[in-house]
$ cat upload.cif   # mmCIF, C-alpha atoms
data_query
#
loop_
_atom_site.label_atom_id
_atom_site.label_comp_id
_atom_site.auth_asym_id
_atom_site.auth_seq_id
_atom_site.Cartn_x
_atom_site.Cartn_y
_atom_site.Cartn_z
CA MET A 384 105.45 182.81 -17.70
CA GLU A 385 108.22 180.23 -17.55
CA THR A 386 107.67 176.70 -18.87
CA ASN A 387 110.12 173.87 -19.35
CA GLU A 388 110.81 171.87 -22.43
CA LEU A 389 112.76 168.69 -22.99
CA LYS A 390 114.69 168.89 -26.24
CA ASN A 391 116.28 165.82 -27.76
CA GLN A 392 118.88 164.92 -30.37
CA ILE A 393 117.52 161.46 -31.23
CA ARG A 394 116.92 162.22 -34.89
CA ARG A 395 120.47 163.57 -35.37
CA LEU A 396 122.00 160.69 -33.38
CA ARG A 397 120.10 158.11 -35.41
CA PHE A 398 121.52 159.52 -38.64
CA GLU A 399 125.00 159.70 -37.15
CA ASN A 400 124.71 156.03 -36.19
CA GLY A 401 124.42 154.66 -39.70
CA GLU A 402 120.93 156.02 -40.34
CA MET A 403 119.48 153.83 -37.65
CA THR A 404 115.75 153.33 -38.17
CA GLN A 405 113.17 154.20 -35.51
CA GLN A 406 112.17 150.54 -35.39
CA LYS A 407 115.77 149.41 -34.76
CA LEU A 408 116.18 151.92 -31.94
CA ALA A 409 112.79 150.88 -30.52
CA ASP A 410 113.85 147.21 -30.59
CA GLU A 411 117.17 148.03 -28.89
CA VAL A 412 115.58 149.94 -26.00
CA GLY A 413 112.49 147.72 -25.73
CA VAL A 414 109.69 150.11 -26.65
CA THR A 415 107.33 150.48 -29.59
CA ARG A 416 108.25 152.50 -32.67
CA GLN A 417 105.35 154.87 -31.86
CA THR A 418 107.01 155.75 -28.56
CA ILE A 419 110.26 156.63 -30.33
CA ILE A 420 108.27 158.81 -32.75
CA ALA A 421 106.50 160.50 -29.79
CA ILE A 422 109.80 161.13 -27.96
CA GLU A 423 111.55 162.36 -31.11
CA SER A 424 108.76 164.84 -31.85
CA GLY A 425 108.72 166.06 -28.22
CA LYS A 426 105.19 164.77 -27.53
CA TYR A 427 106.32 162.35 -24.83
CA SER A 428 108.93 162.77 -22.11
CA PRO A 429 110.48 159.36 -21.41
CA SER A 430 111.12 157.90 -17.97
CA LEU A 431 114.66 158.18 -16.60
CA THR A 432 115.26 154.48 -17.26
CA LEU A 433 114.22 154.80 -20.88
CA ALA A 434 116.32 157.95 -21.30
CA PHE A 435 119.39 156.04 -20.09
CA LYS A 436 118.60 153.10 -22.40
CA ILE A 437 118.36 155.44 -25.40
CA ALA A 438 121.66 157.12 -24.46
CA LYS A 439 123.27 153.68 -24.08
CA ALA A 440 122.01 152.64 -27.52
CA PHE A 441 123.86 155.62 -29.03
CA LYS A 442 126.88 155.15 -26.69
CA VAL A 443 126.61 158.72 -25.41
CA SER A 444 125.56 160.33 -22.11
CA VAL A 445 121.94 161.21 -21.31
CA GLY A 446 122.88 164.90 -21.51
CA ASP A 447 123.98 164.42 -25.11
CA VAL A 448 120.53 163.05 -26.01
CA PHE A 449 118.20 165.16 -23.87
CA GLN A 450 118.49 168.83 -22.92
CA TYR A 451 116.28 170.57 -20.42
CA GLU A 452 115.46 174.15 -21.31
CA ASP A 453 113.50 176.87 -19.56
CA VAL A 454 111.36 178.71 -22.09
CA GLU A 455 109.87 182.18 -21.55
CA THR A 456 106.34 182.41 -22.96
CA MET B 1023 99.53 151.83 -34.91
CA ASN B 1024 100.84 149.75 -32.00
CA ARG B 1025 99.26 146.69 -30.40
CA THR B 1026 97.48 148.64 -27.61
CA GLN B 1027 95.83 150.89 -30.19
CA LYS B 1028 94.85 147.90 -32.34
CA ILE B 1029 93.28 146.09 -29.37
CA ALA B 1030 91.40 149.27 -28.38
CA LEU B 1031 90.11 149.68 -31.93
CA PHE B 1032 89.19 145.98 -32.03
CA SER B 1033 87.19 146.33 -28.79
CA LEU B 1034 85.51 149.47 -30.04
CA VAL B 1035 84.31 147.63 -33.17
CA LEU B 1036 83.43 144.37 -31.42
CA THR B 1037 81.51 145.71 -28.41
CA PRO B 1038 78.69 147.40 -30.41
CA LEU B 1039 78.23 144.04 -32.19
CA TRP B 1040 78.09 142.36 -28.80
CA LEU B 1041 75.59 144.98 -27.58
CA ALA B 1042 73.46 144.48 -30.71
CA ALA B 1043 73.48 140.69 -30.24
CA ILE B 1044 72.43 141.00 -26.57
CA THR B 1045 69.67 143.47 -27.49
CA PHE B 1046 68.44 141.14 -30.26
CA LEU B 1047 68.41 138.16 -27.87
CA ALA B 1048 66.70 140.15 -25.11
CA ILE B 1049 63.95 141.26 -27.49
CA GLU B 1050 63.47 137.72 -28.86
CA ILE B 1051 63.23 136.21 -25.38
CA ALA B 1052 61.24 139.00 -23.70
CA VAL B 1053 58.83 139.90 -26.51
CA PHE B 1054 58.50 136.72 -28.58
CA LYS B 1055 59.26 134.29 -25.68
CA LYS B 1056 61.46 132.07 -27.83
CA MET B 1057 64.98 131.72 -29.21
CA PRO B 1058 65.55 132.97 -32.79
CA GLU B 1059 64.50 130.43 -35.44
CA GLY B 1060 66.33 129.43 -38.60
CA PHE B 1061 70.04 128.88 -39.22
CA VAL B 1062 70.83 132.44 -40.37
CA LEU B 1063 69.16 134.16 -37.40
CA ARG B 1064 70.45 131.68 -34.84
CA TYR B 1065 74.03 131.14 -36.02
CA GLY B 1066 74.62 134.00 -38.51
CA PRO B 1067 75.62 136.60 -35.91
CA LEU B 1068 77.94 134.08 -34.27
CA ILE B 1069 79.69 133.30 -37.58
CA VAL B 1070 80.09 137.02 -38.33
CA LEU B 1071 81.45 137.55 -34.81
CA PHE B 1072 84.08 134.80 -35.22
CA ALA B 1073 85.07 136.15 -38.65
CA VAL B 1074 85.57 139.65 -37.17
CA ILE B 1075 87.56 138.26 -34.21
CA PHE B 1076 89.79 136.13 -36.47
CA SER B 1077 90.57 138.93 -38.93
CA PHE B 1078 91.39 141.33 -36.09
CA LEU B 1079 93.62 138.77 -34.36
CA VAL B 1080 95.66 138.37 -37.56
CA TRP B 1081 95.99 142.17 -37.75
CA ILE B 1082 96.89 142.56 -34.05
CA LEU B 1083 99.48 139.76 -33.95
CA LYS B 1084 101.24 140.92 -37.12
CA ARG B 1085 104.66 142.32 -36.13
CA GLN B 1086 106.81 144.86 -37.94
CA SER B 1087 109.98 143.27 -36.60
CA PRO B 1088 110.74 140.01 -34.73
CA ARG B 1089 111.96 141.95 -31.67
CA GLU B 1090 109.01 144.35 -31.62
CA VAL B 1091 107.50 144.78 -28.15
CA GLY B 1092 103.77 144.69 -27.55
CA SER B 1093 103.53 147.62 -25.18
CA ASP B 1094 105.82 149.90 -23.18
CA GLU B 1095 105.80 152.55 -20.43
CA ARG B 1096 103.92 155.09 -22.55
CA ASP B 1097 101.19 152.55 -23.35
CA GLU B 1098 101.02 151.69 -19.65
CA LEU B 1099 100.43 155.36 -18.75
CA ILE B 1100 97.70 155.59 -21.36
CA THR B 1101 95.96 152.34 -20.33
CA ASN B 1102 96.09 153.36 -16.64
CA LYS B 1103 94.27 156.60 -17.40
CA ALA B 1104 91.78 154.71 -19.60
CA ALA B 1105 91.16 152.20 -16.78
CA MET B 1106 90.35 155.10 -14.45
CA ALA B 1107 87.89 156.49 -17.02
CA ALA B 1108 86.29 153.03 -17.35
CA PHE B 1109 86.03 152.69 -13.56
CA ILE B 1110 84.29 156.06 -13.26
CA SER B 1111 81.98 155.20 -16.16
CA THR B 1112 80.95 151.97 -14.38
CA TRP B 1113 79.51 154.03 -11.53
CA ILE B 1114 77.52 156.10 -14.04
CA VAL B 1115 76.43 153.35 -16.46
CA LEU B 1116 75.24 150.78 -13.89
CA PRO B 1117 72.80 153.06 -12.04
CA VAL B 1118 71.49 154.50 -15.33
CA ILE B 1119 70.82 151.01 -16.78
CA SER B 1120 69.25 149.88 -13.49
CA VAL B 1121 66.74 152.74 -13.68
CA ILE B 1122 65.62 151.89 -17.25
CA PRO B 1123 63.18 149.05 -16.23
CA GLN B 1124 61.63 151.39 -13.67
CA LEU B 1125 61.11 154.05 -16.33
CA ILE B 1126 59.53 151.53 -18.72
CA LEU B 1127 57.42 149.52 -16.25
CA GLY B 1128 56.70 152.17 -13.63
CA GLN B 1129 57.33 152.22 -9.87
CA GLU B 1130 55.28 149.07 -9.16
CA GLY B 1131 56.41 147.11 -12.25
CA CYS B 1132 58.04 143.68 -12.06
CA VAL B 1133 61.03 142.34 -13.98
CA PRO B 1134 61.78 138.62 -14.43
CA ALA B 1135 64.83 137.31 -12.59
CA TRP B 1136 66.63 136.42 -15.84
CA SER B 1137 66.70 140.08 -16.86
CA LEU B 1138 69.02 141.03 -14.01
CA PRO B 1139 72.18 139.46 -15.54
CA LEU B 1140 71.27 141.32 -18.75
CA ILE B 1141 71.99 144.58 -16.89
CA ILE B 1142 75.58 143.42 -16.44
CA PHE B 1143 75.75 142.21 -20.06
CA PHE B 1144 74.57 145.66 -21.21
CA ALA B 1145 76.84 147.60 -18.87
CA LEU B 1146 80.03 145.62 -19.56
CA PRO B 1147 80.31 146.40 -23.30
CA ILE B 1148 79.56 150.07 -22.61
CA VAL B 1149 82.39 150.22 -20.05
CA ILE B 1150 84.73 148.40 -22.48
CA MET B 1151 83.80 150.95 -25.17
CA VAL B 1152 84.62 153.82 -22.79
CA TYR B 1153 87.98 152.16 -21.98
CA SER B 1154 88.82 151.64 -25.67
CA ALA B 1155 87.69 155.12 -26.67
CA ALA B 1156 89.75 156.64 -23.82
CA ILE B 1157 92.85 154.81 -25.11
CA LEU B 1158 92.33 155.95 -28.71
CA VAL B 1159 91.55 159.54 -27.70
CA GLN B 1160 94.75 159.72 -25.64
CA TYR B 1161 96.83 158.51 -28.59
CA ILE B 1162 95.14 161.06 -30.86
CA CYS B 1163 95.33 163.99 -28.41
CA GLU B 1164 98.80 163.13 -27.21
CA ARG B 1165 100.39 165.79 -25.06
CA LYS B 1166 103.60 165.98 -23.11
CA ASN B 1167 102.56 163.35 -20.63
CA GLY B 1168 105.77 161.64 -19.59
CA ASN B 1169 106.63 160.47 -16.09
CA LYS B 1170 107.06 163.58 -14.01
#

$ encode --input "upload.cif" --output "structure tokens"
Amino acid sequence: METNELKNQIRRLRFENGEMTQQKLADEVGVTRQTIIAIESGKYSPSLTLAFKIAKAFKVSVGDVFQYEDVET
Amino acid sequence: MNRTQKIALFSLVLTPLWLAAITFLAIEIAVFKKMPEGFVLRYGPLIVLFAVIFSFLVWILKRQSPREVGSDERDELITNKAAMAAFISTWIVLPVISVIPQLILGQEGCVPAWSLPLIIFFALPIVIMVYSAAILVQYICERKNGNK
């Protein structure tokens, strides 16, 4: 069976951007810290708007933050 | 814990107190035909209620950062699902509560007119509890539930 999974590089990007805290990123994109935690751990797939805001906060493209992968199970 | 979770937890703690107070009042009025006597019985529950509300408000309004937002798209998804659960529960709770007097008093029994608003006052906290519990359960059992 084929399922899809949204991988993200938020944790790595935060550390590459001066060890940005989850709270600081949350404040920049206008969400709660819990939502950043949920996205980072793959428990929540953000809306397209939020995905763009996160990419903008890191000054990279959406593709650099999120990767869509087909997974065989 | 974000503000939506705190408010849900607050409601979940407060509504049983509300339910207990309504039950106490209903028993006093229906069985003893009078309002509770004495300062502690009459005003004690009210003082406790205000103390609980005040302490929770302090906890809810406390922010981790000045720019912290109260709720976001994920919270909105969760509260929308909880609202649906509460709506469905209304259609279960109201008929069930409406049948209780019939079960107690029998088919030909009579209920005083003042008891009818009590049905709403009993049903409302139960629906609020369902709403709050649905919010907390969704945060606990979080799955991949983003906008598809």

$ closest_residue --input "upload.cif" --among "B:Trp1081, B:Trp1136, B:Phe1109, B:Phe1046" --to "Ile1150 in chain B" --atoms "all atoms listed in the file"
B:Phe1109

$ closest_atom_pairs --input "upload.cif" --of "chain A" --to "chain B" --cutoff "7 Å" --atoms "only C-alpha atoms" --output "Markdown table"
| residue | atom | partner | partner_atom | distance |
| --- | --- | --- | --- | --- |
| A:Asp410 | CA | B:Arg1089 | CA | 5.7 |
| A:Gly413 | CA | B:Val1091 | CA | 6.3 |
| A:Val414 | CA | B:Asp1094 | CA | 5.2 |
| A:Thr415 | CA | B:Val1091 | CA | 5.9 |
| A:Gln417 | CA | B:Asn1024 | CA | 6.8 |
| A:Thr418 | CA | B:Arg1096 | CA | 6.8 |
| A:Lys426 | CA | B:Lys1166 | CA | 4.9 |
| A:Tyr427 | CA | B:Lys1166 | CA | 4.9 |
| A:Ser428 | CA | B:Gly1168 | CA | 4.2 |
| A:Pro429 | CA | B:Gly1168 | CA | 5.5 |
| A:Ser430 | CA | B:Asn1169 | CA | 5.5 |

$ atom_distance --input "upload.cif" --atom1 "CA of Ala1043 in chain B" --atom2 "CA of Phe1076 in chain B"
18.0 Å

$ atom_distance --input "upload.cif" --atom1 "CA of Thr432 in chain A" --atom2 "CA of Ala1155 in chain B"
29.1 Å

$ atom_distance --input "upload.cif" --atom1 "CA of Glu388 in chain A" --atom2 "CA of Gln450 in chain A"
8.3 Å

$ residues_around --input "upload.cif" --residues "Glu411 in chain A" --least-positions-apart "6" --cutoff "9 Å" --atoms "only C-alpha atoms" --output "ChimeraX atom specification"
/A:436-437,440 /B:1089

$ closest_residue --input "upload.cif" --among "B:Ile1029, B:Leu1140, B:Met1151, B:Leu1146" --to "Thr1045 in chain B" --atoms "all atoms listed in the file"
B:Leu1140

$ residues_near_point --input "upload.cif" --point "(83.4, 147.2, -29.5)" --cutoff "10 Å" --atoms "all atoms listed in the file" --output "MDAnalysis selection string"
chainID B and resid 1029:1041 1147:1152 1154:1155

$ closest_residue --input "upload.cif" --among "B:Leu1099, B:Ile1142, B:Ala1104, B:Leu1083" --to "Val1118 in chain B" --atoms "only C-alpha atoms"
B:Ile1142

$ residues_around --input "upload.cif" --residues "range 390-397 of chain A" --least-positions-apart "3" --cutoff "9 Å" --atoms "only C-alpha atoms" --output "PyMOL selection string"
chain A and resi 400-405+408+419+422-425+437+441+447-452

$ closest_residue --input "upload.cif" --among "A:Leu389, A:Leu431, A:Ala438, A:Val443" --to "Val412 in chain A" --atoms "all atoms listed in the file"
A:Ala438

$ residues_around --input "upload.cif" --residues "Leu1138 in chain B" --least-positions-apart "5" --cutoff "10 Å" --atoms "all atoms listed in the file" --output "list in words"
Ser1120, Val1133 and Phe1143 of chain B

$ decode --input "upload.cif" --residues "chain A" --atoms "C-alpha atoms" --output "PDB file, in the first residue's frame"
ATOM      1  CA  MET A 384       0.000   0.000   0.000  1.00  0.00           C
ATOM      2  CA  GLU A 385       1.218   3.485  -0.836  1.00  0.00           C
ATOM      3  CA  THR A 386       0.834   6.331   1.655  1.00  0.00           C
ATOM      4  CA  ASN A 387       2.182   9.863   1.552  1.00  0.00           C
ATOM      5  CA  GLU A 388       4.215  11.661   4.118  1.00  0.00           C
ATOM      6  CA  LEU A 389       5.174  15.292   4.486  1.00  0.00           C
ATOM      7  CA  LYS A 390       8.744  15.587   5.715  1.00  0.00           C
ATOM      8  CA  ASN A 391      10.118  18.873   6.960  1.00  0.00           C
ATOM      9  CA  GLN A 392      13.453  20.502   7.705  1.00  0.00           C
ATOM     10  CA  ILE A 393      12.211  23.005  10.297  1.00  0.00           C
ATOM     11  CA  ARG A 394      14.398  21.718  13.105  1.00  0.00           C
ATOM     12  CA  ARG A 395      17.555  21.904  10.951  1.00  0.00           C
ATOM     13  CA  LEU A 396      16.610  25.329   9.568  1.00  0.00           C
ATOM     14  CA  ARG A 397      15.971  26.702  13.049  1.00  0.00           C
ATOM     15  CA  PHE A 398      19.461  25.694  14.144  1.00  0.00           C
ATOM     16  CA  GLU A 399      20.980  27.093  10.966  1.00  0.00           C
ATOM     17  CA  ASN A 400      19.234  30.395  11.662  1.00  0.00           C
ATOM     18  CA  GLY A 401      21.008  31.190  14.898  1.00  0.00           C
ATOM     19  CA  GLU A 402      19.308  28.467  16.931  1.00  0.00           C
ATOM     20  CA  MET A 403      15.952  30.118  16.510  1.00  0.00           C
ATOM     21  CA  THR A 404      13.535  29.001  19.226  1.00  0.00           C
ATOM     22  CA  GLN A 405      10.171  27.411  18.439  1.00  0.00           C
ATOM     23  CA  GLN A 406       8.477  30.336  20.177  1.00  0.00           C
ATOM     24  CA  LYS A 407      10.320  32.893  18.010  1.00  0.00           C
ATOM     25  CA  LEU A 408       9.363  31.053  14.828  1.00  0.00           C
ATOM     26  CA  ALA A 409       5.767  30.752  16.082  1.00  0.00           C
ATOM     27  CA  ASP A 410       5.656  34.506  16.764  1.00  0.00           C
ATOM     28  CA  GLU A 411       7.078  35.277  13.302  1.00  0.00           C
ATOM     29  CA  VAL A 412       4.517  33.179  11.430  1.00  0.00           C
ATOM     30  CA  GLY A 413       1.604  33.954  13.764  1.00  0.00           C
ATOM     31  CA  VAL A 414       0.828  30.555  15.257  1.00  0.00           C
ATOM     32  CA  THR A 415       1.194  28.976  18.684  1.00  0.00           C
ATOM     33  CA  ARG A 416       4.392  27.219  19.751  1.00  0.00           C
ATOM     34  CA  GLN A 417       2.389  23.966  20.028  1.00  0.00           C
ATOM     35  CA  THR A 418       1.590  24.156  16.318  1.00  0.00           C
ATOM     36  CA  ILE A 419       5.283  24.516  15.451  1.00  0.00           C
ATOM     37  CA  ILE A 420       6.020  21.492  17.663  1.00  0.00           C
ATOM     38  CA  ALA A 421       3.231  19.516  15.917  1.00  0.00           C
ATOM     39  CA  ILE A 422       4.505  20.469  12.435  1.00  0.00           C
ATOM     40  CA  GLU A 423       8.135  19.764  13.355  1.00  0.00           C
ATOM     41  CA  SER A 424       7.268  16.301  14.676  1.00  0.00           C
ATOM     42  CA  GLY A 425       5.133  15.528  11.590  1.00  0.00           C
ATOM     43  CA  LYS A 426       1.860  15.327  13.548  1.00  0.00           C
ATOM     44  CA  TYR A 427       0.276  18.238  11.715  1.00  0.00           C
ATOM     45  CA  SER A 428       0.413  19.187   8.046  1.00  0.00           C
ATOM     46  CA  PRO A 429       0.202  22.984   7.785  1.00  0.00           C
ATOM     47  CA  SER A 430      -1.986  24.900   5.349  1.00  0.00           C
ATOM     48  CA  LEU A 431      -0.320  26.217   2.191  1.00  0.00           C
ATOM     49  CA  THR A 432      -0.382  29.758   3.585  1.00  0.00           C
ATOM     50  CA  LEU A 433       1.370  28.700   6.770  1.00  0.00           C
ATOM     51  CA  ALA A 434       3.910  26.652   4.804  1.00  0.00           C
ATOM     52  CA  PHE A 435       4.804  29.764   2.775  1.00  0.00           C
ATOM     53  CA  LYS A 436       5.045  31.883   5.944  1.00  0.00           C
ATOM     54  CA  ILE A 437       7.441  29.371   7.519  1.00  0.00           C
ATOM     55  CA  ALA A 438       9.572  29.287   4.349  1.00  0.00           C
ATOM     56  CA  LYS A 439       9.606  33.103   4.290  1.00  0.00           C
ATOM     57  CA  ALA A 440      10.737  33.205   7.928  1.00  0.00           C
ATOM     58  CA  PHE A 441      13.779  31.109   6.973  1.00  0.00           C
ATOM     59  CA  LYS A 442      14.252  32.994   3.652  1.00  0.00           C
ATOM     60  CA  VAL A 443      14.094  29.762   1.647  1.00  0.00           C
ATOM     61  CA  SER A 444      11.571  28.190  -0.739  1.00  0.00           C
ATOM     62  CA  VAL A 445       8.693  25.989   0.457  1.00  0.00           C
ATOM     63  CA  GLY A 446      10.410  23.007  -1.185  1.00  0.00           C
ATOM     64  CA  ASP A 447      13.450  23.545   1.021  1.00  0.00           C
ATOM     65  CA  VAL A 448      11.272  23.295   4.143  1.00  0.00           C
ATOM     66  CA  PHE A 449       8.725  20.632   3.182  1.00  0.00           C
ATOM     67  CA  GLN A 450       9.216  17.509   1.069  1.00  0.00           C
ATOM     68  CA  TYR A 451       6.418  15.271  -0.098  1.00  0.00           C
ATOM     69  CA  GLU A 452       7.325  11.596  -0.178  1.00  0.00           C
ATOM     70  CA  ASP A 453       5.450   8.495  -1.266  1.00  0.00           C
ATOM     71  CA  VAL A 454       6.068   5.710   1.231  1.00  0.00           C
ATOM     72  CA  GLU A 455       5.518   2.003   0.520  1.00  0.00           C
ATOM     73  CA  THR A 456       4.021   0.218   3.527  1.00  0.00           C
TER      74      THR A 456
END
